[in-house]
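Novice: Questions regarding the structure given below will be posed in turn.
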Amino acid sequence: MTSVANLQPDPAPIVACTISRDVQNFDLLIDDMELELGESWGDLSFDDAITFFGQPDAASLEFVAVAVNAEDEKDLGRIAEIIKQAKVKGIKVILIADQVSPVALHQLLRLGAEDFVPYPLPDGALHDAIERMRKTQAAAAPVVVATRDGLVDEEFSHPSFKAKGDRDGVLLPVHGLAGGTGATTFAVNLAWELAAVIKTDAPRVCLIDLDFQYGSVATYLDLPRKEVVFEMLTDMGAADSDSLLSAMLTFNDKLHVLTAPSDMLPLDIVGPEEIGKLLDMAQANFDFVVVDMPSTIVNWTETVLARAHVYFATMQLDLRSAQNVLRLIRALKAEGLPHEKLRYVLNYAPKFTDLSAKSRVKRMAESLDIEIELQLPDGGAQVTQANDHGLPLAESAAKNPLRRELQKLAKSLFELNKAVEAGKG
């Protein structure tokens, strides 16, 4: 580790600094900074940081890692000023937080930190945060969000109907049981297929992104993230159906979307009561409510599960998915929660002719004592391309095998719901 106070002229410039009350409180951060940057980083105290930003050496800084813990909450004003000054100087900020309250964490994130990593640092977390920061650096953008159509945030349409509370929507959460299982792709495309299932008198469908940290529904539909979403979530006591609709955006005049907030937020920024009210309002105004869930189990997961008609759990044919299925089922049974609502979705399922892999799927289901009701084919590169272009598969690759399976699923859900409504009538 190089102390900024003792920097000597060196061919290798200092590209990053840690900023903390005492960096020795974050020994894992020291190890990870050395692993990522070698000797090309320094350490600053809160007292020295702003002064250093005004020195010539600061011109080479790519980012600073601001490390705070619970003891630093009484000093939030000074820490906030450090983040503000870093942003003024064009220096990226990664926030390292150790047992900081959600309110304090959000306050610091709103000042412009590019990312935050919990402490103790998970393996590879700092590396991933630096990579994300570097990938988005070229696109660090203006406040006005441009889209593929050349539109800006203010020109996106909102739901045109008035909230009447005259619906009783089917709630369909989607939960990825491991990273990369395609949960968001599944949620986005299922919602779109439901919204377009018939040409006339189509059901009213909304898609809600509840992954407040890494939610990518907005990316997959090329929609801006609106500040009003955060305002509504943090004041759910005053929220009503009209405020929910005003926070939504409409994709291609059919699908109504509540994106994740523009800032990365702690998942417990809202509680079970707030999530329950949000879902109640959505179900009262839409026929189908598709929810993209965070992969993490949080204190309001039970709220969503209790209200869900079907709870889709996406997985792959691998050991991590199998282990996570066991953990989830064990946790739900221990709490007496309705694990029978889970519908397991195997993504990247083997082809019909791959008998060996089909046999592995059967053995996996038997060993886990579950039924894998949906097996979705690998959509290939077209899926990634569609997501990157902000379009559902139906709009960019209509004949893709994954799209066809999701279209069948949407049609069956629509017809089943229609039959249930007819039975009630």
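Labels for the structure tokens follow display order: chains A, B, ..., residues from 1 in each chain, ligands from 1.
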Write out as a PyMOL selection string all residues of range 20-177 of chain A that DSSP puts in alpha helix (DSSP H) for this structure's backbone.
Specialist: chain A and resi 27-37+46-53+76-88+102-109+125-137
Novice: I need the chosen residues saved as a compact mmCIF listing (two decimals), in the first residue's frame, with N, CA and C atoms.
Specialist:
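Result saved to out-v9.txt:
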# COMPACT_ATOMS: atom_id res chain seq x y z
N ASP A 27 -9.28 -4.14 6.39
CA ASP A 27 -8.10 -4.87 5.93
C ASP A 27 -8.35 -5.66 4.66
N LEU A 28 -9.57 -6.18 4.48
CA LEU A 28 -9.88 -6.90 3.25
C LEU A 28 -9.87 -5.97 2.04
N LEU A 29 -10.23 -4.72 2.26
CA LEU A 29 -10.18 -3.73 1.18
C LEU A 29 -8.73 -3.48 0.77
N ILE A 30 -7.84 -3.40 1.74
CA ILE A 30 -6.42 -3.22 1.44
C ILE A 30 -5.92 -4.37 0.55
N ASP A 31 -6.26 -5.58 0.94
CA ASP A 31 -5.83 -6.76 0.17
C ASP A 31 -6.36 -6.71 -1.26
N ASP A 32 -7.65 -6.35 -1.41
CA ASP A 32 -8.25 -6.35 -2.74
C ASP A 32 -7.71 -5.21 -3.61
N MET A 33 -7.44 -4.06 -3.01
CA MET A 33 -6.86 -2.95 -3.77
C MET A 33 -5.47 -3.32 -4.27
N GLU A 34 -4.69 -3.99 -3.44
CA GLU A 34 -3.36 -4.42 -3.88
C GLU A 34 -3.46 -5.47 -4.98
N LEU A 35 -4.44 -6.35 -4.86
CA LEU A 35 -4.64 -7.38 -5.87
C LEU A 35 -5.03 -6.77 -7.21
N GLU A 36 -5.89 -5.76 -7.18
CA GLU A 36 -6.38 -5.15 -8.43
C GLU A 36 -5.39 -4.14 -9.02
N LEU A 37 -4.68 -3.39 -8.16
CA LEU A 37 -3.92 -2.24 -8.65
C LEU A 37 -2.44 -2.27 -8.32
N PHE A 46 -10.38 11.06 5.83
CA PHE A 46 -11.44 12.02 5.54
C PHE A 46 -10.90 13.45 5.59
N ASP A 47 -9.99 13.71 6.51
CA ASP A 47 -9.46 15.06 6.68
C ASP A 47 -8.64 15.50 5.46
N ASP A 48 -7.93 14.56 4.84
CA ASP A 48 -7.00 14.92 3.76
C ASP A 48 -7.61 14.87 2.37
N ALA A 49 -8.77 14.22 2.23
CA ALA A 49 -9.28 13.91 0.90
C ALA A 49 -9.54 15.15 0.05
N ILE A 50 -10.32 16.09 0.57
CA ILE A 50 -10.69 17.25 -0.24
C ILE A 50 -9.47 18.07 -0.60
N THR A 51 -8.53 18.19 0.34
CA THR A 51 -7.28 18.93 0.03
C THR A 51 -6.54 18.25 -1.10
N PHE A 52 -6.47 16.92 -1.08
CA PHE A 52 -5.74 16.20 -2.12
C PHE A 52 -6.39 16.36 -3.49
N PHE A 53 -7.73 16.45 -3.52
CA PHE A 53 -8.42 16.61 -4.80
C PHE A 53 -7.96 17.87 -5.54
N LEU A 76 -21.69 12.05 8.38
CA LEU A 76 -22.16 11.92 7.00
C LEU A 76 -21.97 13.21 6.19
N GLY A 77 -22.09 14.36 6.86
CA GLY A 77 -21.94 15.62 6.14
C GLY A 77 -20.58 15.74 5.48
N ARG A 78 -19.54 15.40 6.20
CA ARG A 78 -18.19 15.50 5.65
C ARG A 78 -17.97 14.46 4.55
N ILE A 79 -18.48 13.25 4.77
CA ILE A 79 -18.33 12.20 3.76
C ILE A 79 -19.08 12.58 2.48
N ALA A 80 -20.27 13.16 2.64
CA ALA A 80 -21.04 13.61 1.49
C ALA A 80 -20.28 14.67 0.71
N GLU A 81 -19.62 15.57 1.41
CA GLU A 81 -18.85 16.62 0.72
C GLU A 81 -17.68 16.01 -0.05
N ILE A 82 -17.07 14.98 0.50
CA ILE A 82 -15.97 14.30 -0.21
C ILE A 82 -16.48 13.71 -1.52
N ILE A 83 -17.63 13.04 -1.46
CA ILE A 83 -18.19 12.44 -2.68
C ILE A 83 -18.54 13.52 -3.69
N LYS A 84 -19.13 14.62 -3.22
CA LYS A 84 -19.48 15.72 -4.13
C LYS A 84 -18.24 16.28 -4.82
N GLN A 85 -17.18 16.50 -4.05
CA GLN A 85 -15.96 17.06 -4.63
C GLN A 85 -15.30 16.09 -5.60
N ALA A 86 -15.37 14.81 -5.31
CA ALA A 86 -14.84 13.82 -6.24
C ALA A 86 -15.59 13.88 -7.57
N LYS A 87 -16.92 14.00 -7.49
CA LYS A 87 -17.71 14.07 -8.72
C LYS A 87 -17.39 15.35 -9.50
N VAL A 88 -17.18 16.46 -8.80
CA VAL A 88 -16.82 17.72 -9.46
C VAL A 88 -15.52 17.55 -10.24
N PRO A 102 -29.71 1.64 5.94
CA PRO A 102 -30.20 1.88 4.58
C PRO A 102 -30.40 3.35 4.26
N VAL A 103 -30.87 4.13 5.22
CA VAL A 103 -31.10 5.55 4.96
C VAL A 103 -29.79 6.27 4.68
N ALA A 104 -28.76 6.00 5.50
CA ALA A 104 -27.46 6.64 5.29
C ALA A 104 -26.84 6.18 3.99
N LEU A 105 -26.96 4.89 3.69
CA LEU A 105 -26.38 4.36 2.46
C LEU A 105 -27.04 5.00 1.24
N HIS A 106 -28.36 5.10 1.29
CA HIS A 106 -29.03 5.72 0.15
C HIS A 106 -28.65 7.19 -0.01
N GLN A 107 -28.51 7.88 1.10
CA GLN A 107 -28.12 9.29 1.04
C GLN A 107 -26.78 9.45 0.33
N LEU A 108 -25.84 8.58 0.63
CA LEU A 108 -24.52 8.66 0.01
C LEU A 108 -24.58 8.24 -1.46
N LEU A 109 -25.37 7.22 -1.77
CA LEU A 109 -25.48 6.78 -3.16
C LEU A 109 -26.11 7.84 -4.05
N ALA A 125 -15.84 -9.09 -5.43
CA ALA A 125 -16.83 -8.02 -5.48
C ALA A 125 -16.20 -6.69 -5.91
N LEU A 126 -15.03 -6.38 -5.38
CA LEU A 126 -14.38 -5.13 -5.77
C LEU A 126 -13.96 -5.17 -7.23
N HIS A 127 -13.44 -6.30 -7.67
CA HIS A 127 -13.07 -6.46 -9.08
C HIS A 127 -14.29 -6.23 -9.97
N ASP A 128 -15.42 -6.84 -9.62
CA ASP A 128 -16.63 -6.68 -10.43
C ASP A 128 -17.10 -5.23 -10.45
N ALA A 129 -17.02 -4.55 -9.30
CA ALA A 129 -17.45 -3.15 -9.23
C ALA A 129 -16.57 -2.28 -10.12
N ILE A 130 -15.25 -2.53 -10.11
CA ILE A 130 -14.34 -1.75 -10.95
C ILE A 130 -14.63 -2.01 -12.43
N GLU A 131 -14.89 -3.28 -12.77
CA GLU A 131 -15.20 -3.61 -14.16
C GLU A 131 -16.48 -2.93 -14.62
N ARG A 132 -17.52 -2.96 -13.76
CA ARG A 132 -18.78 -2.29 -14.13
C ARG A 132 -18.55 -0.80 -14.32
N MET A 133 -17.78 -0.21 -13.45
CA MET A 133 -17.50 1.22 -13.54
C MET A 133 -16.79 1.55 -14.84
N ARG A 134 -15.81 0.74 -15.22
CA ARG A 134 -15.05 1.01 -16.43
C ARG A 134 -15.89 0.79 -17.68
N LYS A 135 -16.76 -0.21 -17.64
CA LYS A 135 -17.61 -0.48 -18.81
C LYS A 135 -18.60 0.65 -19.06
N THR A 136 -19.07 1.25 -17.98
CA THR A 136 -20.09 2.30 -18.14
C THR A 136 -19.48 3.70 -18.24
N GLN A 137 -18.17 3.78 -18.10
CA GLN A 137 -17.54 5.10 -18.08
C GLN A 137 -17.80 5.88 -19.37
Novice: Pull the closest atom pair for each residue of range 189-225 of chain A that gets at most 12 Å from range 157-177 of chain A, along with the distance in Å to one decimal, counting only C-alpha atoms, ordering rows by chain and then ascending residue number, as a tab-separated table.
Specialist:
residue	atom	partner	partner_atom	distance
A:Asn189	CA	A:Val174	CA	11.5
A:Leu190	CA	A:Leu172	CA	9.7
A:Ala191	CA	A:Leu172	CA	9.4
A:Leu194	CA	A:Leu172	CA	11.3
A:Pro203	CA	A:Gly169	CA	9.8
A:Arg204	CA	A:Gly169	CA	8.9
A:Val205	CA	A:Gly169	CA	8.6
A:Cys206	CA	A:Gly169	CA	9.6
A:Leu207	CA	A:Leu172	CA	9.5
A:Ile208	CA	A:Pro173	CA	9.1
A:Asp209	CA	A:Pro173	CA	9.9
A:Leu210	CA	A:Pro173	CA	9.8
A:Asp211	CA	A:His175	CA	10.2
A:Leu223	CA	A:Ser157	CA	10.5
A:Pro224	CA	A:Ser157	CA	11.5
Novice: Would you put the residues from that selection into a file with N, CA and C atoms, as a PDB file, in the first residue's frame?
Specialist:
ATOM      1  N   ASN A 189     -39.987 -11.053 -21.401  1.00  0.00           N
ATOM      2  CA  ASN A 189     -40.624 -11.633 -22.577  1.00  0.00           C
ATOM      3  C   ASN A 189     -41.972 -12.259 -22.269  1.00  0.00           C
ATOM      4  N   LEU A 190     -42.126 -12.825 -21.058  1.00  0.00           N
ATOM      5  CA  LEU A 190     -43.445 -13.340 -20.671  1.00  0.00           C
ATOM      6  C   LEU A 190     -44.444 -12.193 -20.567  1.00  0.00           C
ATOM      7  N   ALA A 191     -44.019 -11.082 -19.956  1.00  0.00           N
ATOM      8  CA  ALA A 191     -44.917  -9.928 -19.835  1.00  0.00           C
ATOM      9  C   ALA A 191     -45.330  -9.410 -21.205  1.00  0.00           C
ATOM     10  N   LEU A 194     -47.802 -11.795 -22.909  1.00  0.00           N
ATOM     11  CA  LEU A 194     -49.134 -11.660 -22.328  1.00  0.00           C
ATOM     12  C   LEU A 194     -49.840 -10.413 -22.840  1.00  0.00           C
ATOM     13  N   PRO A 203     -55.314  -8.368 -22.653  1.00  0.00           N
ATOM     14  CA  PRO A 203     -55.267  -8.105 -21.206  1.00  0.00           C
ATOM     15  C   PRO A 203     -54.354  -6.932 -20.889  1.00  0.00           C
ATOM     16  N   ARG A 204     -54.642  -6.273 -19.802  1.00  0.00           N
ATOM     17  CA  ARG A 204     -53.793  -5.171 -19.338  1.00  0.00           C
ATOM     18  C   ARG A 204     -52.673  -5.765 -18.476  1.00  0.00           C
ATOM     19  N   VAL A 205     -51.438  -5.529 -18.883  1.00  0.00           N
ATOM     20  CA  VAL A 205     -50.295  -6.196 -18.254  1.00  0.00           C
ATOM     21  C   VAL A 205     -49.303  -5.161 -17.751  1.00  0.00           C
ATOM     22  N   CYS A 206     -48.772  -5.390 -16.547  1.00  0.00           N
ATOM     23  CA  CYS A 206     -47.675  -4.552 -16.065  1.00  0.00           C
ATOM     24  C   CYS A 206     -46.509  -5.424 -15.638  1.00  0.00           C
ATOM     25  N   LEU A 207     -45.330  -4.873 -15.737  1.00  0.00           N
ATOM     26  CA  LEU A 207     -44.084  -5.531 -15.362  1.00  0.00           C
ATOM     27  C   LEU A 207     -43.396  -4.666 -14.311  1.00  0.00           C
ATOM     28  N   ILE A 208     -43.112  -5.234 -13.144  1.00  0.00           N
ATOM     29  CA  ILE A 208     -42.530  -4.484 -12.033  1.00  0.00           C
ATOM     30  C   ILE A 208     -41.148  -5.046 -11.718  1.00  0.00           C
ATOM     31  N   ASP A 209     -40.156  -4.196 -11.711  1.00  0.00           N
ATOM     32  CA  ASP A 209     -38.782  -4.601 -11.399  1.00  0.00           C
ATOM     33  C   ASP A 209     -38.506  -4.290  -9.925  1.00  0.00           C
ATOM     34  N   LEU A 210     -38.446  -5.334  -9.105  1.00  0.00           N
ATOM     35  CA  LEU A 210     -38.192  -5.158  -7.675  1.00  0.00           C
ATOM     36  C   LEU A 210     -36.735  -5.424  -7.295  1.00  0.00           C
ATOM     37  N   ASP A 211     -35.873  -5.588  -8.285  1.00  0.00           N
ATOM     38  CA  ASP A 211     -34.447  -5.703  -7.978  1.00  0.00           C
ATOM     39  C   ASP A 211     -33.877  -4.288  -7.935  1.00  0.00           C
ATOM     40  N   LEU A 223     -35.808   1.590 -21.635  1.00  0.00           N
ATOM     41  CA  LEU A 223     -36.602   2.616 -20.964  1.00  0.00           C
ATOM     42  C   LEU A 223     -35.727   3.348 -19.952  1.00  0.00           C
ATOM     43  N   PRO A 224     -35.968   4.623 -19.724  1.00  0.00           N
ATOM     44  CA  PRO A 224     -35.206   5.357 -18.705  1.00  0.00           C
ATOM     45  C   PRO A 224     -35.673   4.981 -17.308  1.00  0.00           C
TER      46      PRO A 224
END
Novice: What gap, in Å, lies between CA of Pro261 in chain A and CA of Ile91 in chain A?
Specialist: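 According to the coordinates, CA of Pro261 in chain A and CA of Ile91 in chain A are separated by 23.0 Å.
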Novice: Go through A:Ala239, A:Asn285, A:Thr303, A:Leu368 and flag the residue nearest Val325 in chain A, using only C-alpha atoms for the distances.
Specialist: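 Selected residue with least distance to Val325 in chain A: A:Leu368.
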Novice: Could you build a table of the residues in range 186-246 of chain A lying no more than 12 Å from range 387-405 of chain A, giving for each the nearest pair of atoms and their separation in Å rounded to one decimal place, using only C-alpha atoms, ordered by chain and ascending residue number, as JSON lines?
Specialist:
{"residue": "A:Phe186", "atom": "CA", "partner": "A:Leu402", "partner_atom": "CA", "distance": 9.3}
{"residue": "A:Ala187", "atom": "CA", "partner": "A:Pro392", "partner_atom": "CA", "distance": 10.4}
{"residue": "A:Val188", "atom": "CA", "partner": "A:Pro392", "partner_atom": "CA", "distance": 7.1}
{"residue": "A:Asn189", "atom": "CA", "partner": "A:Pro392", "partner_atom": "CA", "distance": 5.6}
{"residue": "A:Leu190", "atom": "CA", "partner": "A:Arg403", "partner_atom": "CA", "distance": 8.9}
{"residue": "A:Ala191", "atom": "CA", "partner": "A:Pro392", "partner_atom": "CA", "distance": 9.5}
{"residue": "A:Trp192", "atom": "CA", "partner": "A:Pro392", "partner_atom": "CA", "distance": 7.0}
{"residue": "A:Glu193", "atom": "CA", "partner": "A:Ala394", "partner_atom": "CA", "distance": 7.7}
{"residue": "A:Leu194", "atom": "CA", "partner": "A:Ala394", "partner_atom": "CA", "distance": 11.4}
{"residue": "A:Ala195", "atom": "CA", "partner": "A:Ala394", "partner_atom": "CA", "distance": 11.5}
{"residue": "A:Ala196", "atom": "CA", "partner": "A:Ala394", "partner_atom": "CA", "distance": 9.5}
{"residue": "A:Val197", "atom": "CA", "partner": "A:Ala394", "partner_atom": "CA", "distance": 11.1}
{"residue": "A:Ser216", "atom": "CA", "partner": "A:Asn387", "partner_atom": "CA", "distance": 9.4}
{"residue": "A:Val217", "atom": "CA", "partner": "A:Gly390", "partner_atom": "CA", "distance": 9.0}
{"residue": "A:Ala218", "atom": "CA", "partner": "A:Gly390", "partner_atom": "CA", "distance": 8.1}
{"residue": "A:Thr219", "atom": "CA", "partner": "A:Gly390", "partner_atom": "CA", "distance": 6.0}
{"residue": "A:Tyr220", "atom": "CA", "partner": "A:Gly390", "partner_atom": "CA", "distance": 4.3}
{"residue": "A:Leu221", "atom": "CA", "partner": "A:Gly390", "partner_atom": "CA", "distance": 4.1}
{"residue": "A:Asp222", "atom": "CA", "partner": "A:Gly390", "partner_atom": "CA", "distance": 4.4}
{"residue": "A:Leu223", "atom": "CA", "partner": "A:Gly390", "partner_atom": "CA", "distance": 7.9}
{"residue": "A:Pro224", "atom": "CA", "partner": "A:Gly390", "partner_atom": "CA", "distance": 11.1}
Novice: May I have the residues from that selection written out with C-alpha atoms, as a PDB file, in the first residue's frame?
Specialist:
ATOM      1  CA  PHE A 186     -38.036 -14.672 -18.849  1.00  0.00           C
ATOM      2  CA  ALA A 187     -39.981 -11.955 -16.995  1.00  0.00           C
ATOM      3  CA  VAL A 188     -39.658  -9.326 -19.736  1.00  0.00           C
ATOM      4  CA  ASN A 189     -40.624 -11.633 -22.577  1.00  0.00           C
ATOM      5  CA  LEU A 190     -43.445 -13.340 -20.671  1.00  0.00           C
ATOM      6  CA  ALA A 191     -44.917  -9.928 -19.835  1.00  0.00           C
ATOM      7  CA  TRP A 192     -44.699  -8.826 -23.460  1.00  0.00           C
ATOM      8  CA  GLU A 193     -46.246 -12.052 -24.775  1.00  0.00           C
ATOM      9  CA  LEU A 194     -49.134 -11.660 -22.328  1.00  0.00           C
ATOM     10  CA  ALA A 195     -49.663  -8.057 -23.413  1.00  0.00           C
ATOM     11  CA  ALA A 196     -49.741  -9.132 -27.076  1.00  0.00           C
ATOM     12  CA  VAL A 197     -51.483 -12.498 -26.674  1.00  0.00           C
ATOM     13  CA  SER A 216     -32.243  -4.588 -15.753  1.00  0.00           C
ATOM     14  CA  VAL A 217     -35.836  -4.526 -16.991  1.00  0.00           C
ATOM     15  CA  ALA A 218     -35.280  -0.915 -18.075  1.00  0.00           C
ATOM     16  CA  THR A 219     -32.222  -1.976 -20.069  1.00  0.00           C
ATOM     17  CA  TYR A 220     -33.998  -4.886 -21.757  1.00  0.00           C
ATOM     18  CA  LEU A 221     -36.829  -2.574 -22.872  1.00  0.00           C
ATOM     19  CA  ASP A 222     -34.689   0.520 -23.480  1.00  0.00           C
ATOM     20  CA  LEU A 223     -36.602   2.616 -20.964  1.00  0.00           C
ATOM     21  CA  PRO A 224     -35.206   5.357 -18.705  1.00  0.00           C
TER      22      PRO A 224
END
Novice: Would you give me, as a tab-separated table, each residue of range 28-122 of chain A having an atom within 8 Å of an atom of range 12-19 of chain A, along with its shortest atom pair and that distance in Å to one decimal, using only C-alpha atoms and sorting by chain and residue number?
Specialist:
residue	atom	partner	partner_atom	distance
A:Glu39	CA	A:Ile14	CA	7.9
A:Ser40	CA	A:Ile14	CA	4.6
A:Trp41	CA	A:Ala16	CA	4.8
A:Gly42	CA	A:Cys17	CA	4.6
A:Asp43	CA	A:Thr18	CA	4.8
A:Leu44	CA	A:Ile19	CA	4.8
A:Ser45	CA	A:Ile19	CA	5.5
A:Phe46	CA	A:Ile19	CA	6.2
A:Ala49	CA	A:Ile19	CA	6.9
A:Asp57	CA	A:Ile14	CA	7.7
A:Ser60	CA	A:Val15	CA	5.6
A:Leu61	CA	A:Val15	CA	4.3
A:Glu62	CA	A:Val15	CA	5.1
A:Phe63	CA	A:Ala16	CA	5.0
A:Val64	CA	A:Cys17	CA	4.8
A:Ala65	CA	A:Thr18	CA	4.6
A:Val66	CA	A:Ile19	CA	4.7
A:Ala67	CA	A:Ile19	CA	6.1
Novice: With distances taken over only C-alpha atoms, which residue among A:Asp98, A:Met248, A:Asp287, A:Glu114 lies nearest Phe414 in chain A?
Specialist: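 Among A:Asp98, A:Met248, A:Asp287, A:Glu114, it is A:Asp287 that comes nearest to Phe414 in chain A.
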Novice: What is the distance between CA of Arg363 in chain A and CA of Ile297 in chain A, in Å to one decimal?
Specialist: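 CA of Ile297 in chain A lies 26.8 Å from CA of Arg363 in chain A.
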Novice: For Pro118 in chain A, which residue among A:Val68, A:Ala284, A:Val93, A:Val310 is the nearest when counting only C-alpha atoms?
Specialist: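 Going through A:Val68, A:Ala284, A:Val93, A:Val310 one by one, the smallest distance to Pro118 in chain A is for A:Val68.
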Novice: Between CA of Leu413 in chain A and CA of Thr353 in chain A, what is the spacing in Å?
Specialist: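 Atom-to-atom, CA of Thr353 in chain A to CA of Leu413 in chain A, that is 27.8 Å.
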Novice: Write out as JSON, numbers by chain all residues of range 197-266 of chain A that backbone DSSP assigns to strand (DSSP E).
Specialist: {"A": [205, 206, 207, 208, 209, 249, 250, 251, 255, 256, 257, 258]}
Novice: Save out the residues we just selected, N, CA and C atoms, as an mmCIF file, in the first residue's frame.
Specialist:
data_model
loop_
_atom_site.group_PDB
_atom_site.id
_atom_site.type_symbol
_atom_site.label_atom_id
_atom_site.label_comp_id
_atom_site.auth_asym_id
_atom_site.auth_seq_id
_atom_site.Cartn_x
_atom_site.Cartn_y
_atom_site.Cartn_z
ATOM 1 N N VAL A 205 -51.438 -5.529 -18.883
ATOM 2 C CA VAL A 205 -50.295 -6.196 -18.254
ATOM 3 C C VAL A 205 -49.303 -5.161 -17.751
ATOM 4 N N CYS A 206 -48.772 -5.390 -16.547
ATOM 5 C CA CYS A 206 -47.675 -4.552 -16.065
ATOM 6 C C CYS A 206 -46.509 -5.424 -15.638
ATOM 7 N N LEU A 207 -45.330 -4.873 -15.737
ATOM 8 C CA LEU A 207 -44.084 -5.531 -15.362
ATOM 9 C C LEU A 207 -43.396 -4.666 -14.311
ATOM 10 N N ILE A 208 -43.112 -5.234 -13.144
ATOM 11 C CA ILE A 208 -42.530 -4.484 -12.033
ATOM 12 C C ILE A 208 -41.148 -5.046 -11.718
ATOM 13 N N ASP A 209 -40.156 -4.196 -11.711
ATOM 14 C CA ASP A 209 -38.782 -4.601 -11.399
ATOM 15 C C ASP A 209 -38.506 -4.290 -9.925
ATOM 16 N N LEU A 249 -43.959 3.563 -17.123
ATOM 17 C CA LEU A 249 -43.762 3.904 -18.523
ATOM 18 C C LEU A 249 -44.404 2.818 -19.372
ATOM 19 N N THR A 250 -44.807 3.174 -20.570
ATOM 20 C CA THR A 250 -45.463 2.218 -21.458
ATOM 21 C C THR A 250 -44.540 1.865 -22.614
ATOM 22 N N PHE A 251 -44.355 0.578 -22.832
ATOM 23 C CA PHE A 251 -43.511 0.097 -23.925
ATOM 24 C C PHE A 251 -44.399 -0.305 -25.101
ATOM 25 N N LEU A 255 -47.328 -2.658 -23.036
ATOM 26 C CA LEU A 255 -46.825 -3.154 -21.764
ATOM 27 C C LEU A 255 -46.477 -1.993 -20.839
ATOM 28 N N HIS A 256 -46.997 -2.002 -19.618
ATOM 29 C CA HIS A 256 -46.780 -0.936 -18.647
ATOM 30 C C HIS A 256 -45.711 -1.391 -17.650
ATOM 31 N N VAL A 257 -44.687 -0.565 -17.459
ATOM 32 C CA VAL A 257 -43.485 -0.996 -16.753
ATOM 33 C C VAL A 257 -43.160 -0.050 -15.607
ATOM 34 N N LEU A 258 -42.925 -0.634 -14.424
ATOM 35 C CA LEU A 258 -42.352 0.109 -13.306
ATOM 36 C C LEU A 258 -40.902 -0.338 -13.202
#
Novice: With only C-alpha atoms as the counted atoms, please give the residues lying no more than 10 Å from Leu233 in chain A, apart from itself and same-chain residues fewer than 5 positions off, as a list in words.
Specialist: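 Using only C-alpha atoms, the neighbours found are Val228, Ala238, Ala239, Leu244, Pro261, Ile269, Val270, Gly271, Glu274, Ile275 and Leu278 of chain A.
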Novice: I'd like the contact shell of Asp378 in chain A - 9 Å cut-off, only C-alpha atoms, skipping same-chain residues fewer than 3 positions apart - returned as a JSON list (two decimals) with C-alpha atoms, in the first residue's frame.
Specialist:
[["chain", "number", "residue", "atom", "x", "y", "z"],
["A", 347, "ASN", "CA", -33.46, -22.56, -18.80],
["A", 348, "TYR", "CA", -30.97, -23.68, -21.46],
["A", 349, "ALA", "CA", -32.73, -27.05, -21.42],
["A", 350, "PRO", "CA", -31.21, -29.85, -23.53],
["A", 351, "LYS", "CA", -32.51, -30.52, -27.00],
["A", 383, "VAL", "CA", -31.40, -13.40, -26.86],
["A", 401, "PRO", "CA", -37.22, -21.20, -30.15],
["A", 402, "LEU", "CA", -37.15, -19.53, -26.73]]
